[in-house]
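Engineer: Pasting data-v7.cif below, which is mmCIF, C-alpha atoms.
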```cif
data_run
loop_
_atom_site.label_atom_id
_atom_site.label_comp_id
_atom_site.auth_asym_id
_atom_site.auth_seq_id
_atom_site.Cartn_x
_atom_site.Cartn_y
_atom_site.Cartn_z
CA MET A 7 0.00 0.00 0.00
CA PHE A 8 2.74 2.42 1.01
CA GLU A 9 4.81 1.39 -2.00
CA GLN A 10 1.91 2.06 -4.33
CA LEU A 11 1.31 5.46 -2.77
CA HIS A 12 5.01 6.25 -3.27
CA ALA A 13 4.79 5.30 -6.96
CA ILE A 14 1.65 7.39 -7.42
CA ILE A 15 3.32 10.45 -5.90
CA ILE A 16 6.43 9.96 -8.10
CA ILE A 17 4.21 9.89 -11.20
CA LEU A 18 2.30 12.96 -10.03
CA VAL A 19 5.49 14.91 -9.24
CA MET A 20 7.08 14.07 -12.59
CA GLY A 21 3.82 14.79 -14.39
CA LEU A 22 3.47 18.16 -12.69
CA VAL A 23 7.04 19.18 -13.58
CA THR A 24 6.55 18.03 -17.18
CA LEU A 25 3.28 19.95 -17.43
CA ALA A 26 5.00 23.03 -16.01
CA THR A 27 7.65 22.94 -18.76
CA ARG A 28 4.85 22.95 -21.31
CA LEU A 29 2.63 25.63 -19.76
CA ILE A 30 4.96 28.17 -18.13
CA PRO A 31 5.85 29.86 -21.46
CA VAL A 32 2.12 30.17 -22.20
CA PHE A 33 1.49 31.91 -18.88
CA ILE A 34 4.39 34.30 -19.49
CA PHE A 35 3.80 35.18 -23.15
CA GLY A 36 0.56 33.74 -24.34
CA ARG A 37 -2.16 35.23 -22.11
CA GLY A 38 -5.07 37.26 -23.39
CA ASN A 39 -5.24 38.75 -26.83
CA LYS A 40 -2.21 40.98 -26.60
CA LYS A 41 0.14 40.71 -29.52
CA VAL A 42 2.98 38.22 -29.18
CA PRO A 43 6.23 40.20 -29.19
CA ASP A 44 8.20 40.20 -32.47
CA TYR A 45 11.11 38.53 -30.75
CA ILE A 46 8.94 35.57 -29.64
CA MET A 47 7.55 35.27 -33.18
CA TYR A 48 11.11 35.23 -34.49
CA LEU A 49 12.05 32.44 -32.03
CA GLY A 50 8.93 30.53 -33.05
CA LYS A 51 10.11 30.65 -36.62
CA VAL A 52 13.77 29.65 -36.15
CA VAL A 53 13.73 27.45 -33.04
CA PRO A 54 12.13 24.50 -34.90
CA TYR A 55 15.12 24.49 -37.24
CA THR A 56 17.51 24.23 -34.28
CA ALA A 57 15.33 21.84 -32.29
CA MET A 58 15.67 18.89 -34.67
CA GLY A 59 19.47 18.95 -34.38
CA LEU A 60 19.09 19.16 -30.60
CA LEU A 61 16.72 16.19 -30.56
CA ILE A 62 18.95 14.10 -32.82
CA ILE A 63 21.95 14.62 -30.53
CA TYR A 64 19.69 13.95 -27.53
CA CYS A 65 18.66 10.61 -29.04
CA LEU A 66 22.30 9.73 -29.65
CA LYS A 67 23.55 10.89 -26.24
CA ASP A 68 24.45 7.37 -25.09
CA VAL A 69 26.63 6.58 -28.11
CA ASN A 70 30.20 5.98 -27.01
CA VAL A 71 32.70 6.47 -29.83
CA ALA A 72 35.37 4.77 -27.74
CA GLY A 73 33.08 1.76 -27.06
CA ASN A 74 32.89 -1.61 -28.77
CA SER A 75 30.98 -0.55 -31.85
CA HIS A 76 32.56 2.96 -32.11
CA GLY A 77 29.11 4.32 -32.95
CA LEU A 78 29.23 2.60 -36.34
CA PRO A 79 25.65 1.19 -36.23
CA GLU A 80 24.36 4.70 -35.54
CA ILE A 81 26.44 6.27 -38.32
CA ILE A 82 25.46 3.64 -40.89
CA ALA A 83 21.76 3.72 -39.95
CA LEU A 84 21.72 7.53 -40.06
CA ALA A 85 23.35 7.46 -43.50
CA ILE A 86 20.66 5.04 -44.69
CA VAL A 87 17.94 7.34 -43.35
CA VAL A 88 19.39 10.49 -44.93
CA ILE A 89 20.16 8.95 -48.33
CA SER A 90 16.84 7.10 -48.63
CA TYR A 91 14.99 10.26 -47.61
CA LEU A 92 16.82 12.37 -50.18
CA LEU A 93 15.95 9.80 -52.86
CA LYS A 94 12.30 9.08 -52.00
CA LYS A 95 11.13 11.89 -49.64
CA ASN A 96 9.08 9.29 -47.79
CA THR A 97 9.33 9.54 -43.99
CA ILE A 98 7.78 6.21 -43.04
CA PHE A 99 9.94 4.35 -45.60
CA SER A 100 13.15 5.92 -44.26
CA VAL A 101 12.18 5.38 -40.61
CA VAL A 102 11.34 1.71 -41.22
CA ILE A 103 14.45 0.73 -43.20
CA GLY A 104 16.78 2.81 -41.01
CA THR A 105 15.39 1.30 -37.80
CA ALA A 106 15.37 -2.24 -39.24
CA ALA A 107 19.01 -1.86 -40.31
CA TYR A 108 19.92 -0.52 -36.88
CA MET A 109 18.15 -3.35 -35.05
CA VAL A 110 19.91 -5.95 -37.17
CA MET A 111 23.28 -4.31 -36.52
CA VAL A 112 22.90 -4.08 -32.72
CA GLN A 113 21.32 -7.51 -32.30
CA VAL A 114 23.24 -9.66 -34.77
CA ILE A 115 26.66 -8.12 -35.05
CA MET B 29 -16.20 19.88 -42.95
CA ILE B 30 -13.36 18.57 -40.84
CA LYS B 31 -13.37 15.06 -42.33
CA GLY B 32 -10.61 16.05 -44.71
CA GLU B 33 -8.56 17.43 -41.83
CA ILE B 34 -8.93 14.21 -39.82
CA LYS B 35 -7.77 12.22 -42.83
CA ALA B 36 -4.81 14.52 -43.53
CA ALA B 37 -3.86 14.51 -39.83
CA PHE B 38 -4.04 10.71 -39.73
CA LYS B 39 -1.87 10.38 -42.81
CA ALA B 40 0.76 12.80 -41.51
CA SER B 41 0.75 11.18 -38.05
CA LEU B 42 0.95 7.60 -39.28
CA PRO B 43 4.76 7.17 -39.06
CA ILE B 44 4.65 8.65 -35.55
CA MET B 45 1.67 6.52 -34.53
CA VAL B 46 3.42 3.34 -35.64
CA THR B 47 6.58 4.21 -33.70
CA PHE B 48 4.54 5.35 -30.69
CA ILE B 49 2.62 2.09 -30.56
CA VAL B 50 5.85 0.10 -30.73
CA LEU B 51 7.74 2.33 -28.26
CA GLY B 52 4.68 2.53 -26.01
CA MET B 53 4.64 -1.26 -25.94
CA GLY B 54 8.29 -1.19 -24.93
CA TYR B 55 7.38 1.12 -22.05
CA GLY B 56 4.40 -1.05 -21.02
CA ILE B 57 6.59 -4.15 -21.04
CA LEU B 58 9.29 -2.43 -18.97
CA MET B 59 6.69 -1.25 -16.44
CA ASN B 60 5.34 -4.79 -16.26
CA GLU B 61 8.79 -6.14 -15.51
CA HIS B 62 8.99 -3.71 -12.57
CA GLY B 63 5.64 -4.91 -11.27
CA TYR B 64 3.39 -2.14 -12.63
CA GLY B 65 0.60 -3.38 -14.85
CA ALA B 66 -1.21 -1.89 -17.83
CA LEU B 67 -3.33 0.50 -15.75
CA TRP B 68 -0.20 2.10 -14.30
CA SER B 69 1.26 2.61 -17.77
CA VAL B 70 -1.95 4.18 -19.06
CA ALA B 71 -2.27 6.48 -16.02
CA SER B 72 1.35 7.56 -16.39
CA GLY B 73 0.78 8.16 -20.11
CA ILE B 74 -2.06 10.54 -19.26
CA ILE B 75 -0.44 12.26 -16.27
CA ILE B 76 3.13 12.62 -17.60
CA PHE B 77 2.73 12.03 -21.35
CA SER B 78 6.39 12.28 -22.24
CA GLY B 79 8.05 9.09 -23.41
CA THR B 80 11.49 10.08 -22.18
CA VAL B 81 10.27 11.21 -18.75
CA GLN B 82 8.18 8.06 -18.44
CA PHE B 83 11.10 5.80 -19.31
CA VAL B 84 13.35 7.41 -16.68
CA SER B 85 10.51 7.36 -14.14
CA VAL B 86 10.30 3.55 -14.14
CA SER B 87 13.37 3.04 -11.98
CA MET B 88 12.25 5.76 -9.54
CA LEU B 89 8.73 4.45 -8.88
CA SER B 90 9.87 2.22 -6.06
CA GLY B 91 12.14 4.11 -3.71
CA GLY B 92 13.26 7.17 -5.67
CA SER B 93 13.24 10.45 -3.75
CA PHE B 94 10.56 12.96 -4.69
CA PHE B 95 13.11 15.71 -5.05
CA MET B 96 15.31 13.70 -7.42
CA ALA B 97 12.20 12.74 -9.39
CA ALA B 98 11.35 16.42 -9.82
CA VAL B 99 14.90 17.40 -10.82
CA THR B 100 15.22 14.49 -13.26
CA ALA B 101 11.86 15.31 -14.84
CA LEU B 102 12.95 18.93 -15.20
CA MET B 103 16.26 17.98 -16.86
CA VAL B 104 14.60 15.65 -19.31
CA ALA B 105 11.47 17.69 -19.99
CA ALA B 106 13.05 21.15 -20.13
CA ARG B 107 13.13 21.00 -23.93
CA HIS B 108 9.34 21.45 -23.86
CA ILE B 109 9.88 25.03 -22.67
CA PHE B 110 11.67 25.58 -25.95
CA PHE B 111 8.85 23.91 -27.94
CA SER B 112 6.05 25.76 -26.17
CA ILE B 113 7.71 29.15 -26.70
CA SER B 114 7.91 28.50 -30.40
CA MET B 115 4.27 27.37 -30.66
CA ILE B 116 2.74 30.36 -28.83
CA GLY B 117 2.32 32.32 -32.06
CA ARG B 118 0.72 29.37 -33.85
CA TYR B 119 -1.65 28.42 -31.01
CA ARG B 120 -2.61 32.00 -30.13
CA GLU B 121 -6.07 31.77 -31.72
CA GLU B 122 -6.96 28.32 -30.39
CA GLY B 123 -9.08 29.42 -27.42
CA LYS B 124 -9.63 26.75 -24.76
CA LYS B 125 -8.31 24.06 -27.09
CA LYS B 126 -4.80 25.46 -26.70
CA TRP B 127 -4.54 24.03 -23.17
CA TYR B 128 -4.88 20.55 -24.61
CA LEU B 129 -2.47 21.33 -27.45
CA PHE B 130 0.21 22.57 -25.03
CA TYR B 131 -0.35 19.80 -22.49
CA ALA B 132 0.05 17.11 -25.18
CA LEU B 133 2.89 18.81 -27.09
CA CYS B 134 5.54 16.12 -27.40
CA ASP B 135 8.73 15.98 -29.52
CA GLU B 136 7.07 14.29 -32.46
CA THR B 137 3.87 16.35 -32.53
CA TYR B 138 6.09 19.41 -32.32
CA ALA B 139 8.24 18.17 -35.21
CA LEU B 140 5.14 17.79 -37.35
CA LEU B 141 3.23 20.94 -36.37
CA SER B 142 6.17 23.34 -36.15
CA SER B 143 7.11 22.55 -39.74
CA ASP B 144 3.60 23.73 -40.73
CA SER B 145 2.92 20.46 -42.49
CA GLU B 146 -0.83 20.90 -42.97
CA PRO B 147 -2.25 21.00 -46.51
CA ALA B 148 -2.99 24.54 -47.75
CA TRP B 149 -6.78 23.95 -47.82
CA ALA B 150 -6.97 22.57 -44.29
CA ASN B 151 -8.47 24.20 -41.21
CA LYS B 152 -5.26 24.50 -39.20
CA SER B 153 -7.00 24.33 -35.86
CA ALA B 154 -8.75 21.02 -36.60
CA TYR B 155 -5.63 19.57 -38.20
CA ARG B 156 -3.45 20.44 -35.19
CA PHE B 157 -5.97 19.03 -32.74
CA TRP B 158 -6.22 15.71 -34.58
CA VAL B 159 -2.46 15.31 -35.07
CA THR B 160 -1.97 15.91 -31.33
CA ALA B 161 -4.79 13.55 -30.37
CA PHE B 162 -3.77 10.76 -32.76
CA ASN B 163 -0.21 10.85 -31.46
CA GLN B 164 -1.15 10.86 -27.78
CA THR B 165 -3.74 8.13 -28.24
CA SER B 166 -1.32 5.84 -30.05
CA TRP B 167 1.32 6.25 -27.32
CA ILE B 168 -1.21 5.34 -24.63
CA LEU B 169 -2.63 2.50 -26.73
CA GLY B 170 0.90 1.12 -27.19
CA SER B 171 1.64 1.20 -23.47
CA LEU B 172 -1.72 -0.47 -22.76
CA LEU B 173 -0.88 -3.27 -25.22
CA GLY B 174 2.64 -3.61 -23.81
CA GLY B 175 1.27 -3.76 -20.28
CA LEU B 176 -1.20 -6.48 -21.27
CA ALA B 177 1.20 -8.47 -23.45
CA GLY B 178 3.89 -8.49 -20.79
CA ARG B 179 6.87 -10.53 -21.73
CA PHE B 180 5.20 -12.70 -24.36
CA LEU B 181 6.61 -10.74 -27.28
CA PRO B 182 7.78 -12.94 -30.16
CA PHE B 183 10.71 -10.72 -31.13
CA ASP B 184 13.68 -8.93 -29.66
CA SER B 185 12.95 -5.22 -29.68
CA GLU B 186 16.46 -4.01 -28.87
CA GLY B 187 17.28 -0.98 -31.01
CA ILE B 188 13.65 -0.10 -31.75
CA ASP B 189 14.18 3.30 -30.13
CA PHE B 190 16.25 4.29 -33.16
CA ALA B 191 12.90 4.97 -34.87
CA MET B 192 12.73 8.29 -33.00
CA THR B 193 16.22 9.28 -34.15
CA ALA B 194 15.30 8.34 -37.72
CA LEU B 195 12.12 10.38 -37.55
CA PHE B 196 13.91 13.51 -36.31
CA THR B 197 16.56 13.01 -38.99
CA CYS B 198 13.95 12.95 -41.76
CA VAL B 199 12.43 16.18 -40.43
CA PHE B 200 15.90 17.69 -40.20
CA VAL B 201 16.66 16.86 -43.85
CA GLN B 202 13.29 18.22 -45.02
CA GLN B 203 13.85 21.44 -43.05
CA TRP B 204 17.33 21.74 -44.51
CA ILE B 205 15.80 21.60 -48.00
CA ASP B 206 13.04 24.12 -47.13
CA ALA B 207 15.05 26.67 -45.13
CA LYS B 208 16.76 29.62 -46.75
CA SER B 209 19.09 30.13 -43.79
CA HIS B 210 20.98 27.09 -42.55
CA ILE B 211 22.41 28.87 -39.51
CA PRO B 212 19.66 27.63 -37.13
CA ALA B 213 19.98 23.99 -38.25
CA ILE B 214 23.77 24.04 -37.88
CA LEU B 215 23.51 25.79 -34.49
CA GLY B 216 21.14 23.12 -33.16
CA LEU B 217 23.38 20.27 -34.20
CA VAL B 218 26.81 21.74 -33.39
CA VAL B 219 26.00 23.53 -30.11
CA THR B 220 24.20 20.47 -28.73
CA LEU B 221 27.02 18.14 -29.77
CA ILE B 222 29.64 20.37 -28.14
CA CYS B 223 27.55 20.66 -24.96
CA ARG B 224 27.12 16.87 -24.87
CA LEU B 225 30.92 16.48 -25.02
CA VAL B 226 31.64 19.26 -22.51
CA PHE B 227 28.85 18.79 -19.92
CA GLY B 228 28.26 15.03 -20.16
CA LYS B 229 25.08 13.20 -20.99
CA GLU B 230 23.16 14.05 -17.82
CA PHE B 231 23.40 17.82 -17.96
CA PHE B 232 23.94 18.99 -21.54
CA LEU B 233 20.39 19.85 -22.61
CA ILE B 234 19.83 22.98 -20.56
CA PRO B 235 23.18 24.68 -21.36
CA ALA B 236 22.65 23.73 -25.02
CA MET B 237 19.24 25.41 -25.07
CA ILE B 238 20.52 28.56 -23.36
CA ILE B 239 23.44 28.88 -25.79
CA ILE B 240 21.17 28.22 -28.79
CA ILE B 241 18.66 30.91 -27.73
CA ALA B 242 21.53 33.34 -27.07
CA ALA B 243 23.12 32.62 -30.45
CA LEU B 244 19.78 32.96 -32.27
CA THR B 245 19.27 36.29 -30.52
CA ILE B 246 22.73 37.61 -31.39
CA MET B 247 22.50 36.45 -35.01
CA ARG B 248 18.89 37.53 -35.51
CA GLY B 249 19.72 40.24 -38.05
CA LYS B 250 21.74 37.92 -40.23
CA ILE B 251 19.25 35.03 -40.07
CA GLU B 252 16.24 37.23 -40.85
CA LYS B 253 18.10 38.75 -43.78
CA GLN B 254 18.81 35.28 -45.19
CA GLU B 255 15.24 34.13 -44.56
CA GLY B 256 13.82 37.21 -46.27
CA GLY B 257 11.89 38.08 -43.09
CA ASP B 258 8.46 37.51 -44.68
CA ASN B 259 6.15 34.55 -44.01
CA VAL B 260 5.95 33.67 -40.33
#
```
What's the structure tokens form of this structure?
Structural biologist:
Amino acid sequence: MFEQLHAIIIILVMGLVTLATRLIPVFIFGRGNKKVPDYIMYLGKVVPYTAMGLLIIYCLKDVNVAGNSHGLPEIIALAIVVISYLLKKNTIFSVVIGTAAYMVMVQVI
Amino acid sequence: MIKGEIKAAFKASLPIMVTFIVLGMGYGILMNEHGYGALWSVASGIIIFSGTVQFVSVSMLSGGSFFMAAVTALMVAARHIFFSISMIGRYREEGKKKWYLFYALCDETYALLSSDSEPAWANKSAYRFWVTAFNQTSWILGSLLGGLAGRFLPFDSEGIDFAMTALFTCVFVQQWIDAKSHIPAILGLVVTLICRLVFGKEFFLIPAMIIIIAALTIMRGKIEKQEGGDNV
């Protein structure tokens, strides 16, 4: 009973913090009908272009170049994703073959 | 009619929904292995709704300190601050619906909606709502299935998380093709990589975001000139 209560509180605490990261900017900048400042509009336009690079590195944060595989599965799978996407412009196709190639490399080799 | 928007939203969300169902199952299975069944996974998916936060929460459910849970969630989820700031302009006219859109704004929904992917004819508001809802529902559905299926999976799912990396990479390439200024894309990649190497994998996100915002602010004149400064 106590253990379950502990788990519930952990989920609530982490949920509350996560919700705060999503809503605090809205409370600061997005209230009412006042015009969003130019600077915020500018960030809204350019931040998405920086965010994908940030997310890609975030996904790859555990790669250890000095480790056993030297990050080769990641590099090869990323190359497959980029090249297939440039050729076909089809997101689901690139995600599926890139992920399949990666899974084979980390499981079999 | 919004039927067209639902269809377009479904089509655009499909790659994300597939990966969310598979990753959600991974989360449900992991929770199960720690003794938390499907209901726990679903509740966590509604209360937290962030795959990364939920994955790190698993090991803290039994015996983690509340303070460390809060700090860890902040470290991992802080990138949403960044996302929300950049969606304020787009969601300004959404009325009450915006609270749902911000609450359920995850990496993948953000990737789709911040690249303004909706068809030109579509009602943006309906399209955004359905993309957000399809993505959240498929994550929760996946974790429900994983929680129910437990360990009876017929395949080894190691490496499945690369699907997220692949998805972000596709968006990155498409943005690279669309953008007139490549400074923001290069900043995101290079600054984050350097911060990862300098600050280590636990603490690099927040310094990376601060440096990126600072650099974007300093280089605003140059970037806006390259972009032409028109369509926002």
Engineer: Would you mind listing what lies within 9 Å of B:Asp135 as a tab-separated table (two decimals) with C-alpha atoms, in the coordinates of the input, with all atoms listed in the file counted and same-chain residues fewer than 3 positions away left out?
Structural biologist:
```
chain	number	residue	atom	x	y	z
A	61	LEU	CA	16.72	16.19	-30.56
B	78	SER	CA	6.39	12.28	-22.24
B	107	ARG	CA	13.13	21.00	-23.93
B	108	HIS	CA	9.34	21.45	-23.86
B	111	PHE	CA	8.85	23.91	-27.94
B	138	TYR	CA	6.09	19.41	-32.32
B	139	ALA	CA	8.24	18.17	-35.21
B	140	LEU	CA	5.14	17.79	-37.35
B	196	PHE	CA	13.91	13.51	-36.31
```
Engineer: List the residues matched by the PyMOL selection byres ((chain B and resi 163) around 7) in the displayed structure as a ChimeraX atom specification, ordered by chain and then by residue number.
Structural biologist: /B:41,44-45,137,159-162,164-167
Engineer: Define the interface residues of chain A facing chain B as those within 7 Å, counting only C-alpha atoms, and report them as an MDAnalysis selection string.
Structural biologist: chainID A and resid 9 12:13 16:21 23:25 27:29 31:32 36 42 47 49:63 65 67 84 87:88 91 97:98 101 104:105 108:109 112:113
Engineer: As an exercise, work out the distance from atom CA of B:Ser153 to atom CA of A:Phe35 in Å and give it to one decimal place.
Structural biologist: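 Here the two named atoms are 19.9 Å from each other.
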Engineer: Compare A:Ala85, A:Asp68, A:Gly73, A:Ile115 by their minimum atom-to-atom distance to A:Ile103, counting only C-alpha atoms, and give me the closest one.
Structural biologist: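 For A:Ile103, the nearest of the given residues is A:Ala85.
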Engineer: Using atom CA of B:Tyr55 and atom CA of B:Phe83 as the two end points, give the distance in Å to one decimal.
Structural biologist: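 Atom CA of B:Tyr55 sits 6.6 Å away from atom CA of B:Phe83.
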Engineer: Atom CA of A:Ser100 to atom CA of A:Glu80: how many Å, to one decimal?
Structural biologist: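 Separating atom CA of A:Ser100 from atom CA of A:Glu80 is a distance of 14.3 Å.
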